[in-house]
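As stored in entry_25.cif (mmCIF, C-alpha atoms):
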```cif
data_my_file
#
loop_
_atom_site.label_atom_id
_atom_site.label_comp_id
_atom_site.auth_asym_id
_atom_site.auth_seq_id
_atom_site.Cartn_x
_atom_site.Cartn_y
_atom_site.Cartn_z
CA MET S 1 44.77 -55.15 -42.11
CA ILE S 2 44.87 -51.57 -43.42
CA THR S 3 48.39 -50.73 -44.59
CA SER S 4 47.80 -47.58 -46.65
CA SER S 5 47.15 -44.05 -45.43
CA SER S 6 45.11 -43.59 -48.62
CA ASN S 7 42.43 -45.92 -47.25
CA PRO S 8 39.06 -44.05 -47.05
CA GLN S 9 38.62 -44.95 -43.36
CA VAL S 10 42.07 -43.60 -42.55
CA LYS S 11 41.40 -40.39 -44.48
CA LEU S 12 38.11 -39.93 -42.62
CA MET S 13 39.78 -40.31 -39.21
CA MET S 14 42.39 -37.73 -40.17
CA GLN S 15 39.64 -35.30 -41.14
CA LEU S 16 37.69 -36.02 -37.96
CA ASN S 17 40.75 -35.13 -35.90
CA LYS S 18 41.40 -31.91 -37.80
CA LYS S 19 38.01 -30.48 -38.75
CA ALA S 20 34.98 -29.75 -36.56
CA LYS S 21 32.88 -29.47 -39.73
CA THR S 22 33.58 -33.12 -40.60
CA ARG S 23 32.81 -34.23 -37.06
CA TYR S 24 29.39 -32.56 -37.10
CA GLU S 25 28.57 -33.75 -40.62
CA GLN S 26 29.32 -37.35 -39.60
CA ARG S 27 28.03 -36.94 -36.00
CA VAL S 28 31.05 -38.92 -34.77
CA PHE S 29 34.42 -38.05 -33.24
CA VAL S 30 37.69 -39.84 -32.51
CA VAL S 31 38.51 -41.05 -29.00
CA GLU S 32 42.06 -42.24 -28.47
CA GLY S 33 43.82 -44.29 -25.80
CA MET S 34 43.00 -47.24 -23.57
CA LYS S 35 41.46 -45.31 -20.67
CA MET S 36 39.45 -42.94 -22.84
CA CYS S 37 38.04 -45.74 -25.00
CA LEU S 38 36.95 -47.54 -21.84
CA GLU S 39 35.08 -44.37 -20.80
CA VAL S 40 32.93 -44.35 -23.96
CA PRO S 41 29.45 -45.81 -23.28
CA LYS S 42 29.19 -49.06 -25.21
CA GLU S 43 26.15 -47.90 -27.16
CA ARG S 44 28.15 -44.93 -28.48
CA ILE S 45 31.05 -46.97 -29.91
CA GLN S 46 30.69 -47.08 -33.68
CA LYS S 47 33.95 -48.81 -34.55
CA LEU S 48 37.32 -49.61 -32.99
CA TYR S 49 40.75 -49.32 -34.58
CA PHE S 50 43.84 -51.14 -33.30
CA SER S 51 47.48 -50.86 -34.25
CA GLU S 52 49.00 -54.14 -35.35
CA SER S 53 51.21 -54.38 -32.26
CA PHE S 54 48.25 -53.63 -29.93
CA PHE S 55 46.13 -56.24 -31.69
CA LEU S 56 48.72 -58.94 -31.03
CA ASP S 57 48.27 -58.39 -27.28
CA ILE S 58 45.11 -60.41 -26.59
CA GLU S 59 44.75 -59.23 -22.98
CA LYS S 60 44.72 -55.56 -24.01
CA ARG S 61 41.93 -55.97 -26.54
CA ARG S 62 39.76 -58.33 -24.48
CA PRO S 63 37.35 -55.61 -23.17
CA TRP S 64 36.36 -54.80 -26.76
CA GLU S 65 35.41 -58.25 -27.94
CA GLY S 66 32.20 -58.20 -29.97
CA PHE S 67 32.63 -54.68 -31.36
CA PRO S 68 33.33 -54.03 -35.06
CA TYR S 69 37.00 -53.24 -35.57
CA GLU S 70 39.86 -52.74 -38.02
CA VAL S 71 43.57 -53.36 -37.59
CA LEU S 72 46.02 -50.77 -38.91
CA SER S 73 49.72 -51.22 -39.50
CA ASP S 74 51.71 -49.41 -36.83
CA ALA S 75 52.85 -46.78 -39.34
CA VAL S 76 49.31 -46.06 -40.51
CA PHE S 77 48.03 -45.94 -36.93
CA GLN S 78 50.74 -43.38 -36.14
CA SER S 79 49.47 -41.23 -39.02
CA VAL S 80 45.90 -41.10 -37.63
CA SER S 81 46.92 -40.62 -34.01
CA ASP S 82 46.70 -37.16 -32.46
CA THR S 83 49.36 -38.04 -29.85
CA LYS S 84 53.13 -38.35 -30.10
CA THR S 85 53.20 -41.79 -28.48
CA PRO S 86 50.03 -43.67 -29.57
CA GLN S 87 48.76 -46.43 -27.31
CA GLY S 88 47.49 -48.39 -30.30
CA ILE S 89 43.74 -48.05 -29.80
CA LEU S 90 41.13 -45.51 -30.84
CA CYS S 91 37.44 -45.57 -31.59
CA LEU S 92 34.84 -43.62 -33.46
CA ALA S 93 32.18 -42.51 -30.98
CA LYS S 94 28.70 -41.21 -31.73
CA MET S 95 28.13 -37.68 -30.47
CA PRO S 96 25.95 -37.24 -27.39
CA GLN S 97 23.35 -34.50 -27.74
CA TYR S 98 21.30 -32.73 -25.07
CA ALA S 99 18.41 -30.29 -24.92
CA LEU S 100 18.73 -27.27 -22.64
CA LYS S 101 16.23 -28.78 -20.19
CA ASP S 102 18.56 -31.76 -19.71
CA LEU S 103 21.04 -29.47 -17.96
CA LEU S 104 18.73 -28.20 -15.25
CA GLY S 105 18.33 -31.16 -12.91
CA GLN S 106 16.38 -30.70 -9.67
CA ARG S 107 18.50 -27.71 -8.60
CA PRO S 108 20.51 -26.20 -11.44
CA HIS S 109 24.23 -25.64 -10.94
CA LEU S 110 25.47 -24.42 -14.32
CA LEU S 111 28.70 -23.29 -15.90
CA VAL S 112 28.21 -20.86 -18.79
CA LEU S 113 31.23 -20.32 -21.04
CA GLU S 114 31.62 -17.49 -23.52
CA ASP S 115 34.17 -18.02 -26.31
CA ILE S 116 36.67 -20.14 -24.38
CA GLN S 117 39.48 -20.86 -26.85
CA ASP S 118 41.97 -23.15 -25.14
CA PRO S 119 41.11 -26.87 -25.49
CA GLY S 120 42.85 -27.69 -22.21
CA ASN S 121 40.83 -25.06 -20.36
CA LEU S 122 37.52 -26.34 -21.73
CA GLY S 123 38.35 -29.97 -20.99
CA THR S 124 39.53 -29.12 -17.48
CA MET S 125 36.36 -27.15 -16.74
CA ILE S 126 34.16 -30.04 -17.86
CA ARG S 127 36.16 -32.52 -15.78
CA THR S 128 36.18 -30.20 -12.74
CA GLY S 129 32.48 -29.53 -13.27
CA GLU S 130 31.71 -33.22 -12.89
CA GLY S 131 33.70 -33.32 -9.66
CA ALA S 132 31.91 -30.24 -8.34
CA GLY S 133 28.48 -31.61 -9.23
CA VAL S 134 27.41 -29.20 -11.96
CA THR S 135 24.16 -30.14 -13.66
CA GLY S 136 25.42 -28.94 -17.03
CA VAL S 137 27.75 -26.77 -19.10
CA VAL S 138 26.47 -24.18 -21.58
CA MET S 139 28.92 -22.81 -24.14
CA SER S 140 28.79 -20.27 -26.91
CA LYS S 141 29.10 -21.45 -30.50
CA ALA S 142 32.46 -19.65 -30.73
CA THR S 143 33.90 -21.73 -27.89
CA VAL S 144 36.50 -24.28 -28.99
CA ASP S 145 34.79 -27.47 -30.21
CA ILE S 146 34.02 -29.81 -27.34
CA PHE S 147 34.92 -32.76 -29.61
CA HIS S 148 38.41 -31.43 -30.37
CA PRO S 149 40.91 -34.23 -29.58
CA LYS S 150 42.70 -32.16 -26.92
CA VAL S 151 39.41 -31.28 -25.22
CA ILE S 152 38.40 -34.94 -25.16
CA ARG S 153 41.68 -35.97 -23.53
CA SER S 154 41.45 -33.15 -20.97
CA THR S 155 37.97 -34.22 -19.86
CA MET S 156 39.29 -37.67 -18.89
CA GLY S 157 35.88 -39.18 -19.64
CA SER S 158 33.69 -36.47 -18.06
CA LEU S 159 32.55 -35.53 -21.57
CA PHE S 160 30.33 -38.63 -21.50
CA ARG S 161 28.77 -37.82 -18.14
CA VAL S 162 28.30 -34.04 -17.96
CA PRO S 163 25.34 -32.72 -20.01
CA PHE S 164 26.31 -29.83 -22.28
CA TYR S 165 24.60 -27.43 -24.63
CA ILE S 166 26.17 -25.46 -27.48
CA ALA S 167 24.19 -22.24 -27.80
CA GLU S 168 23.68 -20.75 -31.24
CA ASP S 169 22.61 -17.57 -29.41
CA LEU S 170 24.23 -17.40 -25.98
CA THR S 171 22.38 -14.21 -25.08
CA GLY S 172 19.01 -15.82 -25.79
CA THR S 173 19.98 -19.00 -23.95
CA VAL S 174 21.09 -17.20 -20.79
CA SER S 175 17.93 -15.08 -20.93
CA ALA S 176 15.80 -18.25 -21.15
CA LEU S 177 17.62 -19.73 -18.15
CA LYS S 178 16.98 -16.58 -16.11
CA GLU S 179 13.29 -16.93 -16.89
CA LYS S 180 13.49 -20.42 -15.37
CA GLY S 181 14.79 -18.97 -12.11
CA VAL S 182 18.53 -19.42 -12.53
CA VAL S 183 20.55 -16.73 -10.72
CA PHE S 184 23.79 -15.84 -12.47
CA TYR S 185 27.11 -14.77 -11.01
CA ALA S 186 29.94 -13.28 -13.05
CA ALA S 187 33.56 -13.44 -12.01
CA HIS S 188 34.37 -9.85 -12.89
CA LEU S 189 37.05 -7.23 -12.18
CA LYS S 190 34.25 -4.89 -11.07
CA GLY S 191 33.03 -7.42 -8.53
CA LYS S 192 32.70 -6.09 -4.98
CA LEU S 193 31.33 -9.28 -3.42
CA SER S 194 33.80 -12.04 -2.54
CA TYR S 195 32.89 -15.31 -4.22
CA GLN S 196 32.68 -16.91 -0.76
CA GLU S 197 30.04 -14.41 0.42
CA ALA S 198 27.45 -15.08 -2.29
CA ASP S 199 24.64 -17.61 -1.76
CA TYR S 200 24.74 -20.48 -4.27
CA GLY S 201 22.12 -22.62 -2.58
CA LYS S 202 19.43 -21.61 -5.07
CA PRO S 203 19.48 -22.51 -8.79
CA CYS S 204 22.62 -20.77 -10.01
CA GLY S 205 25.06 -20.42 -12.84
CA PHE S 206 28.56 -19.00 -13.24
CA LEU S 207 29.44 -16.84 -16.24
CA ILE S 208 33.03 -17.36 -17.42
CA GLY S 209 34.47 -15.29 -20.26
CA ASN S 210 37.13 -15.63 -22.92
CA GLU S 211 40.70 -16.07 -21.64
CA GLY S 212 41.94 -12.81 -23.16
CA ASN S 213 38.90 -10.56 -23.23
CA GLY S 214 36.73 -11.79 -20.36
CA LEU S 215 32.96 -11.57 -20.58
CA SER S 216 31.31 -9.42 -23.21
CA THR S 217 29.18 -6.55 -21.97
CA ASP S 218 26.03 -8.31 -23.23
CA ILE S 219 26.62 -11.54 -21.30
CA ALA S 220 27.96 -9.78 -18.19
CA SER S 221 24.73 -7.75 -18.06
CA PHE S 222 22.80 -10.93 -17.21
CA ALA S 223 24.70 -11.35 -13.94
CA ASP S 224 22.63 -10.86 -10.81
CA ALA S 225 25.89 -10.12 -9.02
CA TYR S 226 29.52 -9.49 -9.91
CA ILE S 227 31.85 -11.47 -7.68
CA HIS S 228 35.59 -11.47 -7.26
CA ILE S 229 38.22 -13.91 -6.09
CA PRO S 230 40.52 -12.19 -3.55
CA MET S 231 44.20 -12.38 -4.54
CA GLU S 232 47.51 -11.39 -3.06
CA GLY S 233 50.43 -9.72 -4.79
CA SER S 234 50.05 -8.05 -8.18
CA VAL S 235 47.88 -10.76 -9.77
CA GLU S 236 44.79 -9.28 -11.42
CA SER S 237 43.05 -12.46 -12.57
CA LEU S 238 43.30 -16.23 -12.61
CA ASN S 239 43.31 -18.74 -15.44
CA ALA S 240 39.69 -19.26 -16.57
CA ALA S 241 39.65 -22.94 -15.63
CA ILE S 242 41.06 -22.28 -12.15
CA ALA S 243 38.59 -19.47 -11.49
CA ALA S 244 35.71 -21.69 -12.62
CA ALA S 245 36.94 -24.49 -10.35
CA LEU S 246 36.95 -22.24 -7.28
CA LEU S 247 33.42 -21.02 -7.98
CA MET S 248 31.97 -24.46 -8.71
CA TYR S 249 33.52 -26.00 -5.61
CA GLU S 250 32.31 -23.16 -3.39
CA ALA S 251 28.79 -23.88 -4.67
CA LYS S 252 29.34 -27.57 -3.93
CA ARG S 253 30.54 -26.76 -0.41
CA GLN S 254 27.52 -24.59 0.31
CA ARG S 255 25.12 -27.23 -0.98
CA ARG S 256 26.38 -30.07 1.22
#
```

Output the file's structure as structure tokens, nothing else.
Amino acid sequence: MITSSSNPQVKLMMQLNKKAKTRYEQRVFVVEGMKMCLEVPKERIQKLYFSESFFLDIEKRRPWEGFPYEVLSDAVFQSVSDTKTPQGILCLAKMPQYALKDLLGQRPHLLVLEDIQDPGNLGTMIRTGEGAGVTGVVMSKATVDIFHPKVIRSTMGSLFRVPFYIAEDLTGTVSALKEKGVVFYAAHLKGKLSYQEADYGKPCGFLIGNEGNGLSTDIASFADAYIHIPMEGSVESLNAAIAAALLMYEAKRQRR
């Protein structure tokens, strides 16, 4: 049993939780909690870590029999946990990786995110995207890291099922997708067309901008149409994740 927070494995997990650079150097990330660990494909589990009290409960750890594991004292487990009330289980998972072509499917339905900064927003959009049947999520390099602990929790497992692509050059990536026949729509204050009036039956993608600044001029210029979400009262715009959800589900409705 590991009883010291100076243990190299413990130090590594702390760094994996805090630093994207470490996650990408190691090509692994930390997944915490019973439900989330169950969502990890078995072939992606590198190692499991249990708190001492969790390990004493045989029924709880039964699904993970046969995997390499370590037991940490409850105090040490608390120090590596990213939550206030740890459940006593976490794992190191190998990063999934996709090529851009993996996101297209038979009829592309894409979400393209430019510089989204809130982990909860990104995780929610990925989770909602799975529910709405998106074929993939493209994000700019400046978007919050998809393997951030709060993003992982917000996806509720969708991270392992929705193909994603982190674009070094978002402008070039969107341009390449347009060449493949993807029609892009931008939720934009200049939009004249209601989001319910556009036709999403063809290969399409939605451009969603940064929470504070919206879409850059460069990315917005790729839109085949600016659309808007009608609102009552004095509200000018919606939360990025909510706006994305409305657009993705309208595409899903039209494609039934």

Could you expand the PyMOL selection byres ((chain S and resi 128) around 9) into the explicit residues it covers here, written as a ChimeraX atom specification? /S:123-127,129-134,155,158,241,244-245,248-249

In Å, how far is it from CA of Tyr226 (chain S) to CA of Gly136 (chain S)? 21.1 Å

Output the residue selection produced by the PyMOL selection byres ((chain S and resi 91-93) around 10) on the file above, formatted as JSON, numbers by chain. {"S": [13, 16, 27, 28, 29, 30, 31, 32, 33, 34, 36, 37, 38, 40, 41, 42, 43, 44, 45, 46, 47, 48, 49, 50, 69, 70, 89, 90, 94, 95, 96]}

Hey, what's within 8 Å of Ala223 (chain S) if we count all atoms listed in the file and toss same-chain stuff fewer than 5 positions away? As a list of chain:residue names, please? S:Val183, S:Phe184, S:Tyr185, S:Ala186, S:Leu207

Exactly which residues make up the result of the PyMOL selection byres ((chain S and resi 200-206) around 10) on this file, given as a PDB file with C-alpha atoms, keeping the file's coordinate frame?
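Dumped to result_12.pdb:
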```
ATOM      1  CA  LEU S 104      18.730 -28.200 -15.250  1.00  0.00           C
ATOM      2  CA  GLY S 105      18.330 -31.160 -12.910  1.00  0.00           C
ATOM      3  CA  GLN S 106      16.380 -30.700  -9.670  1.00  0.00           C
ATOM      4  CA  ARG S 107      18.500 -27.710  -8.600  1.00  0.00           C
ATOM      5  CA  PRO S 108      20.510 -26.200 -11.440  1.00  0.00           C
ATOM      6  CA  HIS S 109      24.230 -25.640 -10.940  1.00  0.00           C
ATOM      7  CA  LEU S 110      25.470 -24.420 -14.320  1.00  0.00           C
ATOM      8  CA  LEU S 111      28.700 -23.290 -15.900  1.00  0.00           C
ATOM      9  CA  VAL S 112      28.210 -20.860 -18.790  1.00  0.00           C
ATOM     10  CA  LEU S 113      31.230 -20.320 -21.040  1.00  0.00           C
ATOM     11  CA  VAL S 134      27.410 -29.200 -11.960  1.00  0.00           C
ATOM     12  CA  THR S 135      24.160 -30.140 -13.660  1.00  0.00           C
ATOM     13  CA  GLY S 136      25.420 -28.940 -17.030  1.00  0.00           C
ATOM     14  CA  VAL S 137      27.750 -26.770 -19.100  1.00  0.00           C
ATOM     15  CA  VAL S 138      26.470 -24.180 -21.580  1.00  0.00           C
ATOM     16  CA  VAL S 174      21.090 -17.200 -20.790  1.00  0.00           C
ATOM     17  CA  LEU S 177      17.620 -19.730 -18.150  1.00  0.00           C
ATOM     18  CA  LYS S 178      16.980 -16.580 -16.110  1.00  0.00           C
ATOM     19  CA  LYS S 180      13.490 -20.420 -15.370  1.00  0.00           C
ATOM     20  CA  GLY S 181      14.790 -18.970 -12.110  1.00  0.00           C
ATOM     21  CA  VAL S 182      18.530 -19.420 -12.530  1.00  0.00           C
ATOM     22  CA  VAL S 183      20.550 -16.730 -10.720  1.00  0.00           C
ATOM     23  CA  PHE S 184      23.790 -15.840 -12.470  1.00  0.00           C
ATOM     24  CA  TYR S 185      27.110 -14.770 -11.010  1.00  0.00           C
ATOM     25  CA  ALA S 186      29.940 -13.280 -13.050  1.00  0.00           C
ATOM     26  CA  ALA S 187      33.560 -13.440 -12.010  1.00  0.00           C
ATOM     27  CA  TYR S 195      32.890 -15.310  -4.220  1.00  0.00           C
ATOM     28  CA  GLN S 196      32.680 -16.910  -0.760  1.00  0.00           C
ATOM     29  CA  GLU S 197      30.040 -14.410   0.420  1.00  0.00           C
ATOM     30  CA  ALA S 198      27.450 -15.080  -2.290  1.00  0.00           C
ATOM     31  CA  ASP S 199      24.640 -17.610  -1.760  1.00  0.00           C
ATOM     32  CA  LEU S 207      29.440 -16.840 -16.240  1.00  0.00           C
ATOM     33  CA  ILE S 208      33.030 -17.360 -17.420  1.00  0.00           C
ATOM     34  CA  GLY S 209      34.470 -15.290 -20.260  1.00  0.00           C
ATOM     35  CA  ALA S 223      24.700 -11.350 -13.940  1.00  0.00           C
ATOM     36  CA  ASP S 224      22.630 -10.860 -10.810  1.00  0.00           C
ATOM     37  CA  ILE S 227      31.850 -11.470  -7.680  1.00  0.00           C
ATOM     38  CA  ALA S 244      35.710 -21.690 -12.620  1.00  0.00           C
ATOM     39  CA  LEU S 247      33.420 -21.020  -7.980  1.00  0.00           C
ATOM     40  CA  MET S 248      31.970 -24.460  -8.710  1.00  0.00           C
ATOM     41  CA  GLU S 250      32.310 -23.160  -3.390  1.00  0.00           C
ATOM     42  CA  ALA S 251      28.790 -23.880  -4.670  1.00  0.00           C
ATOM     43  CA  LYS S 252      29.340 -27.570  -3.930  1.00  0.00           C
ATOM     44  CA  ARG S 253      30.540 -26.760  -0.410  1.00  0.00           C
ATOM     45  CA  GLN S 254      27.520 -24.590   0.310  1.00  0.00           C
ATOM     46  CA  ARG S 255      25.120 -27.230  -0.980  1.00  0.00           C
ATOM     47  CA  ARG S 256      26.380 -30.070   1.220  1.00  0.00           C
TER      48      ARG S 256
END
```

Let me make sure I understand: among S:Leu189, S:Ile219, S:Val151, S:Leu103, which one has the smallest atom-to-atom distance to Phe164 (chain S) if we use all atoms listed in the file? S:Leu103

May I ask for the distance between CA of Trp64 (chain S) and CA of Tyr98 (chain S), given in Å to one decimal place? 26.8 Å

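CA of Leu238 (chain S) to CA of Ala225 (chain S) spans 18.8 Å [interatomic distance, one decimal].
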
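Proximity ranking of S:Gln97, S:Gln78, S:Arg61, S:Ala243 relative to Val162 (chain S) places S:Gln97 first, based on all atoms listed in the file.
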
Return the single residue from S:Lys18, S:His188, S:Arg62, S:Arg23 that is closest to Lys150 (chain S), with distances computed using only C-alpha atoms.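 Ranked by minimum distance to Lys150 (chain S), first place goes to S:Lys18.
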